[in-house]
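Asker: Can you keep this structure in mind? I'll have questions shortly.
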Amino acid sequence: MIDLPQLLIKLGTINMVLLISLMAPAPLGASTLGASTRDVASNEKSAKLKLVGVYYFMPFYGHLHQNPSRYSRGITTLGCGHPVKVFTSEGRSRGEWDIVKASGRDGFLRQDFLSPKRPPCFEKKYPIFVQKFGLGIDDLFFWGKLYDNYVFGKVKLP
Amino acid sequence: MRSFRVAFSLLFLALFSGQVIGPSSAAKKSQPEKKTKAEKENDLLDFNSIKDILKEDQLQKQAQKKKSKGDKLRKKRIKRNVTRYNLPKEDDIWSFLSEYWIVKNASVLKWEFQKPDYGLDLYLNGVLRALGLYQKEFKILLLNTPALAHAALPASSGEYIVLISVPFIQVMDLTKLEISILVLESFYRSDLRIVVKKVRDPELSKILGKNFYGKELKLDAFKKTLSNYDKVFFNKGFTFQEQFEITKKMKLILKGHPKYWNAYLSLLKKINTLIRTNALYSKYNEIYPSPEQQIRWLIPGVPLGGLD
């Protein structure tokens with residue numbers, strides 16, 4: 001049996017633990033889908049990174065990747081229009097994959113998913129409709145995966 | 001205690017992760033009737049309470065001006081808020097619905113798997129250029145199941161969403177050219193809006209592009225449309241008339257290009273053989289009737305059994 005003073009002490013301890021755990025987590029804006037705050041850009045270790053600029057994510061949903069591969073682990077999920085900082089290794093031009101920082105996380109995004117201007121986004125155009133459609137967190141995850149799995153192509157005028 | 005801590009951490013993350021996960025941020029922003037900054041600044045003075053003083057100081061005109069500015073700002077805010085309740089237009093909805101269907105059917109369609117880079121995008125690009133087909137934007141999704149051989153999903157204008165089964169490609173040992181021709185056929189299926197006409201619920205046309213501010217949004221038409229996707233691609237399929245329309249279109253385009261014409265014929269022959277010999281694809285004929293008939297439409301007079 002726990003008497004009242006003991007219970008209060010226990011609750012106090014829980015509060016302290018909660019306070020510490022709340023102060024510890026990932027930066028604001030980081031998705032619950034992300035699993036780690038590991039600095040991915042450090043994969044490029046010795047190479048110095050140069051800021052190219054702020055770009056905007058274009059697909060409906062997509063994953064910020066741990067490595068420059070569509071099959072690499074997703075760090076977090078980004079929605080259309082999300083701003084990201086794009087970096088390049090010094091002395092190199094941008095490749096198929098960009099080194100980016102988004103929501104305080106470092107990772108990789110396909111260059112063709114990024115636009116220097118704010119893209120027209122379906123969910124920004126029809127926010128209440130998308131909200132009413134009730135997309136769950138698993139839907140967003142798979143939607144991001146879908147864009148990793150698509151084979152994209154475009155035939156422009158010669 | 002640990003689970004309690006984790007639960008609170010998750011709650012914290014959920015509260016502050018709105019920036020990353022769209023709809024939740026959309027939900028927050030959509031809370032109506034918040035005054036804009038400009039409106040608040042404009043509202044700092046209550047002109048009614050100092051009406052007499054203003055009259056004396058002949059500042060009434062200025063006050064009137066400020067009031068009308070405030071009214072304009074308020075109207076602008078209300079208008080902006082109302083537009084948030086717009087329903088997608090016909091041109092915007094199809095890519096969203098098709099992708100939603102793909103996402104919801106991820107386990108059936110089995111599109112999430114590691115596949116080699118077939119270089120299909122580059123090859124198809126070359127074929128389309130050779131045929132003089134420009135300004136085409138496509139998304140191809142490879143499926144790791146024979147459940148759906150291929151499908152052209154409705155998409156917004158200027159865009160194509162095509163699904164192709166890798167087992168289907170592999171079992172017939174299709175060349176890149178034959179795959180490209182199959183994708184091309186899917187493009188025309190989209191252009192002719194055959195799938196859109198089949199899946200669209202009649203009620204959907206009535207509500208698309210409308211505004212539902214102050215009304216209840218019923219999603220029934222969208223749900224029925226999505227369930228029609230299942231019916232079309234897994235059960236009912238296409239009619240002979242629809243197949244004839246597509247074959248006629250392909251004939252018209254490919255006739256001047258013997259290489260592609262032969263690839264189309266070869267593709268149809270391979271499919272025709274497959275559905276006769278492989279039980280996994282015996283239902284193909286019900287969805288896409290029928291490769292044998294398509295060959296006859298291409299080359300009239302080909303005798304029965306003389307296709308191989």
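Identifiers in this document derive from the order of the structure tokens: chains are assigned A, B, ..., residues are numbered from 1 separately in each chain, and ligands are numbered from 1 in order of occurrence.
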Extract, using only C-alpha atoms, all DNA, RNA and protein residues at most 10 Å from Arg70 in chain A, discarding same-chain residues fewer than 6 positions from it, and format them as number ranges by chain.
Answerer: A: 63-64, 97, 108-110, 145, 147-150; B: 114
Asker: Take the residues that were just selected and, keeping N, CA and C atoms, output them as a CSV table (one decimal), in the first residue's frame.
Answerer:
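To be explicit, this is the file written out as part.csv:
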```
chain,number,residue,atom,x,y,z
A,63,HIS,N,10.1,11.3,-48.5
A,63,HIS,CA,11.0,11.0,-47.4
A,63,HIS,C,12.3,11.7,-47.5
A,64,LEU,N,12.8,12.2,-46.4
A,64,LEU,CA,14.2,12.7,-46.4
A,64,LEU,C,15.0,11.5,-46.1
A,97,TRP,N,21.3,13.5,-56.3
A,97,TRP,CA,20.8,13.7,-55.0
A,97,TRP,C,21.4,14.9,-54.3
A,108,PHE,N,19.3,13.4,-47.4
A,108,PHE,CA,19.4,13.5,-48.9
A,108,PHE,C,18.0,13.5,-49.5
A,109,LEU,N,17.9,14.4,-50.6
A,109,LEU,CA,16.6,14.4,-51.4
A,109,LEU,C,17.0,14.4,-52.8
A,110,ARG,N,16.2,13.8,-53.7
A,110,ARG,CA,16.4,13.9,-55.1
A,110,ARG,C,16.3,15.3,-55.6
A,145,LYS,N,6.8,6.9,-49.7
A,145,LYS,CA,7.4,5.7,-50.3
A,145,LYS,C,7.0,5.6,-51.8
A,147,TYR,N,6.5,7.9,-53.9
A,147,TYR,CA,7.4,8.8,-54.7
A,147,TYR,C,8.8,8.3,-54.8
A,148,ASP,N,9.2,7.5,-53.8
A,148,ASP,CA,10.5,6.8,-53.9
A,148,ASP,C,10.5,5.7,-55.0
A,149,ASN,N,9.4,5.2,-55.2
A,149,ASN,CA,9.3,4.0,-56.1
A,149,ASN,C,8.9,4.3,-57.6
A,150,TYR,N,8.4,5.5,-57.8
A,150,TYR,CA,8.0,5.9,-59.1
A,150,TYR,C,9.2,5.9,-60.1
B,114,GLN,N,12.6,-3.5,-53.9
B,114,GLN,CA,13.8,-3.1,-54.5
B,114,GLN,C,13.9,-3.7,-55.9
```
Asker: Which residues are near Ala263 in chain B? Cut-off 8 Å, only C-alpha atoms, ignore same chain within fewer than 4 positions. Put them as a list of chain:residue names.
Answerer: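 Close residues of Ala263 in chain B: B:Leu177, B:Glu178, B:Ile181, B:Lys259, B:Leu267.
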Asker: Using DSSP secondary structure from the backbone, list all strand (DSSP E) positions within range 45-136 of chain A, as an MDAnalysis selection string.
Answerer: chainID A and resid 49:57 61:65 74:79 83:89 97:102 105:110 114:115
Asker: Quick one: of B:Pro202, B:Leu219, B:Leu182, B:Asn211, who's nearest to Tyr260 in chain B, counting only C-alpha atoms?
Answerer: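 Closest candidate: B:Leu182.
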Asker: Could you pull the residues within 7 Å of range 288-299 of chain B, counting only C-alpha atoms, minus those fewer than 6 positions along the same chain, as a PDB file with C-alpha atoms, in the first residue's frame?
Answerer:
```
ATOM      1  CA  GLY B 237     -12.177  -4.484 -66.962  1.00  0.00           C
ATOM      2  CA  PHE B 238     -12.774  -2.922 -70.353  1.00  0.00           C
ATOM      3  CA  THR B 239     -15.247  -3.604 -73.143  1.00  0.00           C
ATOM      4  CA  PHE B 240     -14.461  -4.750 -76.690  1.00  0.00           C
ATOM      5  CA  GLN B 243     -10.297  -1.970 -76.640  1.00  0.00           C
ATOM      6  CA  THR B 247      -6.193  -0.459 -80.885  1.00  0.00           C
ATOM      7  CA  LYS B 251      -2.689   1.474 -85.380  1.00  0.00           C
ATOM      8  CA  LEU B 265       2.199  -7.052 -82.819  1.00  0.00           C
ATOM      9  CA  LEU B 268       0.035  -8.775 -78.419  1.00  0.00           C
ATOM     10  CA  ILE B 271       0.198 -11.778 -74.290  1.00  0.00           C
ATOM     11  CA  ASN B 272      -2.154 -13.968 -76.320  1.00  0.00           C
TER      12      ASN B 272
END
```
Asker: For range 93-102 of chain B, list every protein, DNA or RNA residue within 6 Å, evaluated using only C-alpha atoms, and leave out those in the same chain fewer than 2 positions away; present the list as an mmCIF file with N, CA and C atoms, in the first residue's frame.
Answerer:
```cif
data_model
loop_
_atom_site.group_PDB
_atom_site.id
_atom_site.type_symbol
_atom_site.label_atom_id
_atom_site.label_comp_id
_atom_site.auth_asym_id
_atom_site.auth_seq_id
_atom_site.Cartn_x
_atom_site.Cartn_y
_atom_site.Cartn_z
ATOM 1 N N PRO B 88 -11.561 20.190 -55.069
ATOM 2 C CA PRO B 88 -10.680 20.159 -56.244
ATOM 3 C C PRO B 88 -11.472 20.199 -57.543
ATOM 4 N N GLU B 90 -11.936 19.269 -61.597
ATOM 5 C CA GLU B 90 -11.812 18.029 -62.394
ATOM 6 C C GLU B 90 -10.344 17.748 -62.737
ATOM 7 N N ASP B 91 -9.632 18.809 -63.093
ATOM 8 C CA ASP B 91 -8.256 18.620 -63.539
ATOM 9 C C ASP B 91 -7.296 18.296 -62.389
ATOM 10 N N LYS B 104 -3.513 3.124 -50.686
ATOM 11 C CA LYS B 104 -4.412 2.261 -49.909
ATOM 12 C C LYS B 104 -4.296 0.790 -50.319
ATOM 13 N N ASN B 105 -3.842 0.555 -51.555
ATOM 14 C CA ASN B 105 -3.723 -0.831 -52.040
ATOM 15 C C ASN B 105 -2.271 -1.294 -52.086
ATOM 16 N N ALA B 106 -1.437 -0.680 -51.269
ATOM 17 C CA ALA B 106 0.004 -1.002 -51.289
ATOM 18 C C ALA B 106 0.248 -2.494 -51.074
ATOM 19 N N PRO B 154 -6.207 7.193 -63.960
ATOM 20 C CA PRO B 154 -6.538 8.579 -64.307
ATOM 21 C C PRO B 154 -5.558 9.536 -63.631
ATOM 22 N N ALA B 155 -5.173 10.562 -64.364
ATOM 23 C CA ALA B 155 -4.248 11.551 -63.798
ATOM 24 C C ALA B 155 -4.650 12.937 -64.271
ATOM 25 N N SER B 156 -4.078 13.918 -63.623
ATOM 26 C CA SER B 156 -4.371 15.295 -64.010
ATOM 27 C C SER B 156 -3.774 15.554 -65.391
#
```
Asker: I'd like the neighbourhood of Gln170 in chain B as a PyMOL selection string, where a residue qualifies if any of its atoms comes within 12 Å (using only C-alpha atoms), though same-chain residues fewer than 6 positions away should be ignored.
Answerer: chain B and resi 142-146+149+164+176+178-179+270-271+274
Asker: Residues of the last selection are to be written out with C-alpha atoms, as a tab-separated table (two decimals), in the first residue's frame.
Answerer:
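Generated file (selection.tsv):
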```tsv
chain	number	residue	atom	x	y	z
B	142	LEU	CA	6.47	-1.33	-61.13
B	143	LEU	CA	4.45	-3.92	-59.24
B	144	ASN	CA	5.79	-7.12	-57.77
B	145	THR	CA	2.59	-9.08	-58.33
B	146	PRO	CA	0.75	-10.73	-61.20
B	149	ALA	CA	-0.75	-6.87	-65.27
B	164	ILE	CA	3.14	-2.45	-64.77
B	176	LYS	CA	12.34	-2.60	-73.40
B	178	GLU	CA	7.71	-3.93	-76.02
B	179	ILE	CA	7.37	-2.51	-72.50
B	270	LYS	CA	3.14	-12.79	-76.48
B	271	ILE	CA	0.20	-11.78	-74.29
B	274	LEU	CA	0.55	-16.19	-72.10
```
Asker: Expressed in Å to a single decimal, how great is the separation between CA of Lys224 in chain B and CA of Leu204 in chain B?
Answerer: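 Result for CA of Lys224 in chain B versus CA of Leu204 in chain B: 9.0 Å, one decimal.
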Asker: When DSSP works through the backbone of this structure, what residues of range 117-256 of chain B end up as alpha helix (DSSP H), shown as a ChimeraX atom specification?
Answerer: /B:120-130,166-172,176-191,194-199,202-207,220-230,240-254
Asker: Which residue gives the smallest distance to Gly91 in chain A among A:Thr76, A:Ile137, A:Trp143, A:Lys48, with only C-alpha atoms counted?
Answerer: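 Counting only C-alpha atoms, the residue closest to Gly91 in chain A is A:Lys48.
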Asker: Restricting the calculation to only C-alpha atoms, which member of B:Leu87, B:Ile50, B:Ile78, B:Ile140 is positioned closest to Lys34 in chain B?
Answerer: B:Ile78
Asker: Find the residues near range 56-59 of chain A: any atom within 10 Å, counting only C-alpha atoms, skip ones fewer than 2 places away on the same chain, and give them as a PyMOL selection string.
Answerer: chain A and resi 54+61-63+78-86+102+109-122+143-144+147
